[in-house]
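One file, input-v7.txt, is given below (compact mmCIF, N, CA and C atoms and all ligand atoms).
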```txt
# COMPACT_ATOMS: atom_id res chain seq x y z
N MET N 1 61.74 75.37 92.35
CA MET N 1 61.27 74.00 92.08
C MET N 1 62.06 73.01 92.93
N GLY N 2 61.38 72.05 93.40
CA GLY N 2 62.03 71.06 94.23
C GLY N 2 62.32 71.58 95.62
N TYR N 3 62.82 70.71 96.44
CA TYR N 3 63.19 71.10 97.79
C TYR N 3 64.28 70.15 98.24
N PRO N 4 65.13 70.61 99.15
CA PRO N 4 66.25 69.77 99.54
C PRO N 4 65.83 68.64 100.47
N VAL N 5 66.33 67.47 100.18
CA VAL N 5 66.13 66.33 101.05
C VAL N 5 67.51 65.83 101.46
N THR N 6 67.68 65.50 102.70
CA THR N 6 68.98 65.03 103.15
C THR N 6 68.97 63.54 103.39
N TYR N 7 70.11 62.93 103.13
CA TYR N 7 70.27 61.49 103.33
C TYR N 7 71.54 61.24 104.12
N HIS N 8 71.52 60.19 104.89
CA HIS N 8 72.71 59.80 105.65
C HIS N 8 73.55 58.83 104.83
N CYS N 9 74.86 59.09 104.78
CA CYS N 9 75.77 58.10 104.22
C CYS N 9 75.72 56.86 105.11
N PRO N 10 75.48 55.67 104.52
CA PRO N 10 75.42 54.46 105.34
C PRO N 10 76.79 54.04 105.88
N HIS N 11 77.84 54.63 105.35
CA HIS N 11 79.18 54.27 105.80
C HIS N 11 79.60 55.07 107.03
N CYS N 12 79.38 56.39 106.98
CA CYS N 12 79.88 57.23 108.06
C CYS N 12 78.83 58.14 108.66
N GLY N 13 77.65 58.20 108.07
CA GLY N 13 76.59 58.99 108.65
C GLY N 13 76.57 60.45 108.23
N THR N 14 77.50 60.85 107.35
CA THR N 14 77.50 62.22 106.86
C THR N 14 76.23 62.49 106.06
N LEU N 15 75.71 63.69 106.24
CA LEU N 15 74.51 64.06 105.50
C LEU N 15 74.88 64.57 104.11
N VAL N 16 74.11 64.14 103.13
CA VAL N 16 74.20 64.73 101.80
C VAL N 16 72.83 65.32 101.47
N GLU N 17 72.85 66.30 100.59
CA GLU N 17 71.61 66.99 100.27
C GLU N 17 71.31 66.83 98.80
N LEU N 18 70.05 66.66 98.50
CA LEU N 18 69.63 66.44 97.13
C LEU N 18 68.33 67.21 96.91
N ASP N 19 68.26 67.94 95.80
CA ASP N 19 67.02 68.63 95.46
C ASP N 19 66.06 67.65 94.83
N ARG N 20 64.88 67.60 95.39
CA ARG N 20 63.89 66.64 94.90
C ARG N 20 62.63 67.37 94.50
N ASP N 21 61.98 66.86 93.48
CA ASP N 21 60.68 67.38 93.13
C ASP N 21 59.61 66.80 94.03
N GLY N 22 59.88 65.68 94.58
CA GLY N 22 59.03 65.19 95.65
C GLY N 22 57.99 64.16 95.29
N TYR N 23 57.91 63.74 94.06
CA TYR N 23 56.85 62.79 93.72
C TYR N 23 57.37 61.38 93.49
N LEU N 24 58.66 61.20 93.58
CA LEU N 24 59.18 59.84 93.52
C LEU N 24 59.32 59.30 94.94
N SER N 25 59.07 58.04 95.09
CA SER N 25 59.15 57.44 96.40
C SER N 25 60.53 56.84 96.62
N ASP N 26 61.13 57.19 97.73
CA ASP N 26 62.39 56.57 98.09
C ASP N 26 62.13 55.16 98.59
N LYS N 27 62.96 54.25 98.18
CA LYS N 27 62.85 52.89 98.69
C LYS N 27 63.88 52.63 99.79
N ALA N 28 65.13 52.97 99.48
CA ALA N 28 66.17 52.67 100.45
C ALA N 28 67.44 53.44 100.10
N VAL N 29 68.27 53.64 101.09
CA VAL N 29 69.63 54.12 100.88
C VAL N 29 70.56 52.99 101.31
N THR N 30 71.37 52.53 100.36
CA THR N 30 72.20 51.36 100.61
C THR N 30 73.64 51.64 100.19
N PRO N 31 74.60 50.90 100.74
CA PRO N 31 76.00 51.10 100.36
C PRO N 31 76.37 50.46 99.03
N TYR N 32 75.42 49.85 98.38
CA TYR N 32 75.69 49.24 97.07
C TYR N 32 74.41 49.30 96.24
N PRO N 33 74.52 49.27 94.93
CA PRO N 33 73.34 49.42 94.08
C PRO N 33 72.49 48.17 94.04
N PHE N 34 71.21 48.37 93.79
CA PHE N 34 70.33 47.24 93.53
C PHE N 34 70.57 46.74 92.12
N GLU N 35 70.43 45.46 91.97
CA GLU N 35 70.58 44.89 90.63
C GLU N 35 69.39 45.30 89.78
N GLY N 36 69.66 45.85 88.60
CA GLY N 36 68.60 46.25 87.71
C GLY N 36 68.21 47.70 87.82
N TRP N 37 68.72 48.39 88.81
CA TRP N 37 68.43 49.82 88.96
C TRP N 37 69.47 50.62 88.18
N GLU N 38 69.03 51.72 87.58
CA GLU N 38 69.97 52.62 86.89
C GLU N 38 70.13 53.87 87.74
N TYR N 39 71.39 54.21 88.01
CA TYR N 39 71.67 55.33 88.90
C TYR N 39 72.27 56.49 88.15
N ALA N 40 71.82 57.70 88.50
CA ALA N 40 72.37 58.92 87.95
C ALA N 40 73.23 59.61 89.00
N ASP N 41 74.13 60.46 88.54
CA ASP N 41 74.85 61.30 89.48
C ASP N 41 73.89 62.35 90.03
N PRO N 42 74.23 62.90 91.20
CA PRO N 42 73.30 63.88 91.80
C PRO N 42 73.06 65.10 90.92
N ASP N 43 74.02 65.45 90.04
CA ASP N 43 73.82 66.63 89.19
C ASP N 43 73.28 66.28 87.82
N GLU N 44 72.92 65.02 87.63
CA GLU N 44 72.28 64.61 86.39
C GLU N 44 70.78 64.53 86.61
N PRO N 45 70.02 64.55 85.51
CA PRO N 45 68.58 64.38 85.67
C PRO N 45 68.26 62.99 86.19
N PHE N 46 67.39 62.93 87.18
CA PHE N 46 67.02 61.62 87.70
C PHE N 46 65.53 61.53 87.97
N GLU N 47 64.86 62.69 87.99
CA GLU N 47 63.43 62.66 88.25
C GLU N 47 62.67 62.23 87.00
N ASP N 48 61.41 61.93 87.18
CA ASP N 48 60.52 61.67 86.07
C ASP N 48 60.99 60.50 85.21
N GLY N 49 61.54 59.48 85.84
CA GLY N 49 61.89 58.27 85.13
C GLY N 49 63.24 58.28 84.45
N ALA N 50 64.00 59.38 84.61
CA ALA N 50 65.30 59.45 83.95
C ALA N 50 66.27 58.43 84.54
N ALA N 51 66.06 58.08 85.80
CA ALA N 51 66.91 57.08 86.45
C ALA N 51 66.09 56.44 87.55
N ASP N 52 66.62 55.34 88.05
CA ASP N 52 65.92 54.62 89.12
C ASP N 52 66.46 54.98 90.49
N GLY N 53 67.52 55.80 90.49
CA GLY N 53 68.12 56.16 91.76
C GLY N 53 69.26 57.12 91.52
N VAL N 54 69.91 57.50 92.60
CA VAL N 54 71.02 58.44 92.52
C VAL N 54 72.22 57.83 93.23
N ALA N 55 73.37 57.89 92.57
CA ALA N 55 74.60 57.38 93.16
C ALA N 55 75.40 58.55 93.73
N PHE N 56 75.55 58.55 95.03
CA PHE N 56 76.29 59.61 95.68
C PHE N 56 77.74 59.19 95.91
N VAL N 57 78.60 60.20 95.99
CA VAL N 57 79.92 59.98 96.56
C VAL N 57 79.96 60.81 97.83
N CYS N 58 80.15 60.13 98.94
CA CYS N 58 80.08 60.80 100.23
C CYS N 58 81.13 61.92 100.30
N GLY N 59 80.69 63.11 100.71
CA GLY N 59 81.60 64.24 100.84
C GLY N 59 81.62 65.13 99.62
N GLU N 60 81.10 64.65 98.49
CA GLU N 60 80.99 65.50 97.31
C GLU N 60 79.57 66.00 97.24
N SER N 61 79.34 67.09 97.90
CA SER N 61 77.99 67.61 97.95
C SER N 61 77.65 68.33 96.66
N PRO N 62 76.49 68.07 96.09
CA PRO N 62 76.09 68.78 94.88
C PRO N 62 75.54 70.16 95.16
N SER N 63 75.37 70.49 96.41
CA SER N 63 74.74 71.76 96.74
C SER N 63 75.80 72.83 96.99
N PRO N 64 75.81 73.89 96.20
CA PRO N 64 76.80 74.97 96.38
C PRO N 64 76.70 75.61 97.76
N ALA N 65 75.51 75.58 98.33
CA ALA N 65 75.32 76.22 99.63
C ALA N 65 76.12 75.51 100.71
N ASP N 66 76.47 74.26 100.46
CA ASP N 66 77.17 73.49 101.49
C ASP N 66 78.68 73.45 101.25
N GLU N 67 79.16 74.25 100.34
CA GLU N 67 80.57 74.16 99.97
C GLU N 67 81.51 74.17 101.17
N ASP N 68 81.34 75.18 102.01
CA ASP N 68 82.29 75.31 103.11
C ASP N 68 82.16 74.18 104.11
N ALA N 69 80.96 73.66 104.24
CA ALA N 69 80.74 72.64 105.25
C ALA N 69 81.17 71.25 104.76
N ALA N 70 81.19 71.06 103.44
CA ALA N 70 81.40 69.72 102.92
C ALA N 70 82.89 69.36 102.80
N ASP N 71 83.74 70.36 102.90
CA ASP N 71 85.15 70.11 102.62
C ASP N 71 85.75 69.02 103.48
N ASP N 72 85.46 69.10 104.76
CA ASP N 72 86.14 68.18 105.66
C ASP N 72 85.21 67.08 106.15
N GLU N 73 84.15 66.83 105.40
CA GLU N 73 83.23 65.79 105.82
C GLU N 73 83.15 64.72 104.74
N GLY N 74 82.71 63.58 105.14
CA GLY N 74 82.48 62.53 104.18
C GLY N 74 83.64 61.56 104.11
N CYS N 75 83.32 60.33 103.74
CA CYS N 75 84.32 59.27 103.72
C CYS N 75 84.73 58.92 102.30
N GLY N 76 84.11 59.55 101.29
CA GLY N 76 84.47 59.29 99.91
C GLY N 76 83.88 58.02 99.33
N ALA N 77 83.14 57.30 100.11
CA ALA N 77 82.56 56.06 99.62
C ALA N 77 81.30 56.35 98.81
N ARG N 78 81.00 55.46 97.91
CA ARG N 78 79.77 55.59 97.14
C ARG N 78 78.62 54.98 97.92
N PHE N 79 77.46 55.59 97.77
CA PHE N 79 76.26 54.94 98.25
C PHE N 79 75.09 55.34 97.37
N TYR N 80 73.99 54.67 97.53
CA TYR N 80 72.97 54.68 96.51
C TYR N 80 71.60 54.93 97.11
N LEU N 81 70.94 55.93 96.55
CA LEU N 81 69.53 56.15 96.85
C LEU N 81 68.72 55.46 95.77
N SER N 82 67.85 54.58 96.16
CA SER N 82 67.03 53.86 95.19
C SER N 82 65.58 54.29 95.31
N PHE N 83 64.97 54.56 94.18
CA PHE N 83 63.55 54.87 94.17
C PHE N 83 62.75 53.59 94.08
N VAL N 84 61.52 53.70 94.50
CA VAL N 84 60.62 52.57 94.33
C VAL N 84 60.27 52.43 92.86
N ARG N 85 60.36 51.23 92.34
CA ARG N 85 60.01 50.98 90.95
C ARG N 85 58.77 50.11 90.89
N PHE N 86 57.99 50.37 89.86
CA PHE N 86 56.79 49.57 89.65
C PHE N 86 56.82 48.96 88.26
N GLU N 87 56.30 47.78 88.19
CA GLU N 87 56.18 47.12 86.89
C GLU N 87 54.86 46.38 86.88
N ASN N 88 54.04 46.70 85.90
CA ASN N 88 52.71 46.10 85.81
C ASN N 88 51.93 46.33 87.10
N GLY N 89 52.11 47.51 87.67
CA GLY N 89 51.34 47.87 88.85
C GLY N 89 51.84 47.29 90.15
N ARG N 90 52.93 46.54 90.09
CA ARG N 90 53.45 45.95 91.32
C ARG N 90 54.81 46.55 91.64
N GLU N 91 55.04 46.74 92.91
CA GLU N 91 56.33 47.25 93.30
C GLU N 91 57.38 46.17 93.09
N ILE N 92 58.51 46.58 92.52
CA ILE N 92 59.60 45.64 92.31
C ILE N 92 60.43 45.55 93.58
N ASP N 93 60.60 44.36 94.05
CA ASP N 93 61.46 44.14 95.21
C ASP N 93 62.83 43.70 94.72
N PRO N 94 63.86 44.48 94.99
CA PRO N 94 65.19 44.14 94.45
C PRO N 94 65.71 42.82 94.98
N ARG N 95 65.13 42.36 96.06
CA ARG N 95 65.63 41.10 96.62
C ARG N 95 65.08 39.90 95.88
N ARG N 96 64.03 40.10 95.09
CA ARG N 96 63.52 38.99 94.29
C ARG N 96 63.03 39.53 92.95
N ALA N 97 63.89 40.33 92.32
CA ALA N 97 63.51 40.99 91.08
C ALA N 97 63.34 40.01 89.94
N ASP N 98 63.98 38.87 90.02
CA ASP N 98 63.93 37.93 88.92
C ASP N 98 62.81 36.90 89.05
N THR N 99 62.11 36.93 90.17
CA THR N 99 61.02 36.00 90.31
C THR N 99 59.76 36.63 89.77
N ASP N 100 58.84 35.84 89.37
CA ASP N 100 57.62 36.35 88.76
C ASP N 100 56.43 36.00 89.62
N GLY N 101 56.31 36.71 90.73
CA GLY N 101 55.16 36.51 91.59
C GLY N 101 55.34 35.43 92.63
N GLU N 102 56.34 34.61 92.47
CA GLU N 102 56.57 33.57 93.45
C GLU N 102 57.30 34.14 94.66
N ARG N 103 56.88 33.72 95.80
CA ARG N 103 57.59 34.17 97.00
C ARG N 103 58.78 33.25 97.25
N VAL N 104 59.93 33.83 97.28
CA VAL N 104 61.14 33.05 97.48
C VAL N 104 61.84 33.56 98.72
N GLU N 105 62.19 32.66 99.57
CA GLU N 105 62.91 33.06 100.77
C GLU N 105 64.40 33.14 100.46
N LEU N 106 64.94 34.32 100.64
CA LEU N 106 66.37 34.50 100.45
C LEU N 106 66.97 34.82 101.82
N ALA N 107 67.48 33.81 102.43
CA ALA N 107 67.88 33.97 103.82
C ALA N 107 69.34 34.39 103.97
N GLU N 108 70.15 34.06 102.99
CA GLU N 108 71.57 34.20 103.22
C GLU N 108 72.30 35.04 102.17
N ASP N 109 71.56 35.86 101.45
CA ASP N 109 72.24 36.62 100.41
C ASP N 109 72.60 38.03 100.85
N GLY N 110 72.38 38.34 102.11
CA GLY N 110 72.75 39.67 102.58
C GLY N 110 72.01 40.76 101.84
N GLY N 111 70.72 40.76 101.94
CA GLY N 111 69.89 41.71 101.22
C GLY N 111 70.15 43.13 101.66
N PRO N 112 69.53 44.08 100.96
CA PRO N 112 69.79 45.51 101.23
C PRO N 112 69.48 45.92 102.66
N GLU N 113 68.54 45.23 103.30
CA GLU N 113 68.15 45.66 104.63
C GLU N 113 68.79 44.79 105.71
N SER N 114 69.73 43.97 105.33
CA SER N 114 70.40 43.15 106.33
C SER N 114 71.24 44.02 107.25
N PRO N 115 71.16 43.78 108.53
CA PRO N 115 71.99 44.57 109.45
C PRO N 115 73.46 44.18 109.38
N ARG N 116 73.75 43.07 108.76
CA ARG N 116 75.14 42.66 108.66
C ARG N 116 75.56 42.65 107.20
N GLY N 117 75.86 43.80 106.64
CA GLY N 117 76.26 43.90 105.25
C GLY N 117 77.68 43.41 105.07
N PRO N 118 78.11 43.33 103.82
CA PRO N 118 79.49 42.87 103.53
C PRO N 118 80.55 43.81 104.09
N ASP N 119 80.16 45.06 104.34
CA ASP N 119 81.12 46.02 104.86
C ASP N 119 81.26 45.92 106.37
N GLY N 120 80.38 45.17 106.98
CA GLY N 120 80.36 45.16 108.44
C GLY N 120 79.80 46.46 108.95
N THR N 121 79.84 46.63 110.22
CA THR N 121 79.37 47.88 110.80
C THR N 121 80.57 48.69 111.24
N ASP N 122 80.73 49.85 110.60
CA ASP N 122 81.90 50.67 110.91
C ASP N 122 81.48 51.89 111.73
N GLY N 123 81.06 51.63 112.90
CA GLY N 123 80.74 52.74 113.78
C GLY N 123 79.24 52.88 113.99
N PRO N 124 78.91 53.67 114.97
CA PRO N 124 77.50 53.85 115.28
C PRO N 124 76.79 54.59 114.16
N SER N 125 75.59 54.20 113.87
CA SER N 125 74.85 54.88 112.84
C SER N 125 73.65 55.57 113.47
N GLY N 126 73.36 56.72 113.00
CA GLY N 126 72.23 57.47 113.51
C GLY N 126 70.94 56.93 112.92
N PRO N 127 69.93 57.71 113.04
CA PRO N 127 68.65 57.29 112.42
C PRO N 127 68.83 57.13 110.93
N THR N 128 68.26 56.11 110.37
CA THR N 128 68.47 55.83 108.96
C THR N 128 67.54 56.64 108.08
N GLY N 129 66.62 57.36 108.66
CA GLY N 129 65.72 58.17 107.84
C GLY N 129 64.38 57.50 107.61
N GLY N 130 64.28 56.23 107.84
CA GLY N 130 63.00 55.55 107.76
C GLY N 130 62.43 55.48 106.37
N PHE N 131 63.23 55.14 105.39
CA PHE N 131 62.72 55.06 104.03
C PHE N 131 62.03 53.73 103.75
N TYR N 132 62.24 52.78 104.58
CA TYR N 132 61.72 51.47 104.28
C TYR N 132 60.21 51.43 104.38
ZN ZN C 1 80.40 58.56 104.22
```
Please express the file's structure as structure tokens.
Ligand SMILES: [Zn+2]
Amino acid sequence: MGYPVTYHCPHCGTLVELDRDGYLSDKAVTPYPFEGWEYADPDEPFEDGAADGVAFVCGESPSPADEDAADDEGCGARFYLSFVRFENGREIDPRRADTDGERVELAEDGGPESPRGPDGTDGPSGPTGGFY
């Protein structure tokens, strides 16, 4: 059941692996959680509405198959896989989760997809995986 999906740590680019059933839609991988999302650990139930995302710790791979490879990789930072959430048939945008249908321009709050996050850019990043 499920199949492995890999994600890049947004801090250092290390790959982590997660078994997925495949019917939840990924929204984004970010170095910090979305407000209002509930995150599970990778070894906790998260599919089927149990959580809104998964909180990884870079370098702590949940996959036993990667034991030998994971020892010397990873930066130890937390990062977050967020699933797409829907409410009343509409996708929830974490950047304007508190608005009710009104379009609000948030230009300076450093949203999840901002290229200049609070952490700055710490090195070259590979392909982000294209979850957006
Ligand atoms: Zn990392």
Task: Point-to-point distance in Å for CA of Gly49 in chain N and CA of Val84 in chain N - done: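 Computing the Euclidean distance for CA of Val84 in chain N and CA of Gly49 in chain N yields 10.9 Å.
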Task: Nearby polymer residues, ligand ZN 1 (chain C), at most 6.5 Å, all atoms listed in the file, as a list in words - done: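 Taking all atoms listed in the file into account, the residues around ligand ZN 1 (chain C) at most 6.5 Å away are Cys9, Pro10, His11, Cys12, Gly13, Thr14, Cys58, Gly59, Gly74, Cys75, Gly76 and Ala77 of chain N.
Going from CA of Tyr3 in chain N to CA of Leu15 in chain N covers 15.4 Å.
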- [ ] Considering all atoms listed in the file, state which residue in the set N:Arg95, N:Arg85, N:Glu60, N:Arg90 is at the smallest distance from Ser25 in chain N.
- [x] N:Arg85
TODO: List every protein, DNA or RNA residue that has an atom no more than 7 Å from (67.2, 51.9, 85.5) in the file's coordinate frame, counting all atoms listed in the file, and report them as a list in words.
DONE: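 Selection result: Gly36, Trp37, Glu38, Tyr39, Ala50, Ala51, Asp52 and Gly53 of chain N.
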Coordinates of box centre and edge lengths for range 78-85 of chain N, 4 Å on every side, axis-aligned, as JSON:
```
{"center_x": 69.9, "center_y": 53.1, "center_z": 94.6, "size_x": 30.2, "size_y": 14.0, "size_z": 15.4}
```
Task: 5 Å contact set for Ala55 in chain N, all atoms listed in the file, chain neighbours under 2 positions out, as a list in words - done: Tyr39, Ala40, Asp41, Gly53, Val57, Phe79 and Tyr80 of chain N
Prev. selection, N, CA and C atoms, output as a CSV table (one decimal), in the coordinates of the input:
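The result, stored in result32.csv:
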```
chain,number,residue,atom,x,y,z
N,39,TYR,N,71.4,54.2,88.0
N,39,TYR,CA,71.7,55.3,88.9
N,39,TYR,C,72.3,56.5,88.2
N,40,ALA,N,71.8,57.7,88.5
N,40,ALA,CA,72.4,58.9,88.0
N,40,ALA,C,73.2,59.6,89.0
N,41,ASP,N,74.1,60.5,88.5
N,41,ASP,CA,74.8,61.3,89.5
N,41,ASP,C,73.9,62.4,90.0
N,53,GLY,N,67.5,55.8,90.5
N,53,GLY,CA,68.1,56.2,91.8
N,53,GLY,C,69.3,57.1,91.5
N,57,VAL,N,78.6,60.2,96.0
N,57,VAL,CA,79.9,60.0,96.6
N,57,VAL,C,80.0,60.8,97.8
N,79,PHE,N,77.5,55.6,97.8
N,79,PHE,CA,76.3,54.9,98.2
N,79,PHE,C,75.1,55.3,97.4
N,80,TYR,N,74.0,54.7,97.5
N,80,TYR,CA,73.0,54.7,96.5
N,80,TYR,C,71.6,54.9,97.1
```
- [ ] Work out how far CA of Pro94 in chain N is from CA of Leu24 in chain N, in Å to one decimal.
- [x] 16.8 Å
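Shortest atom-to-atom contact with Val16 in chain N among N:Asp93, N:Glu73, N:Glu87, N:Phe34: N:Glu73, counting only C-alpha atoms.
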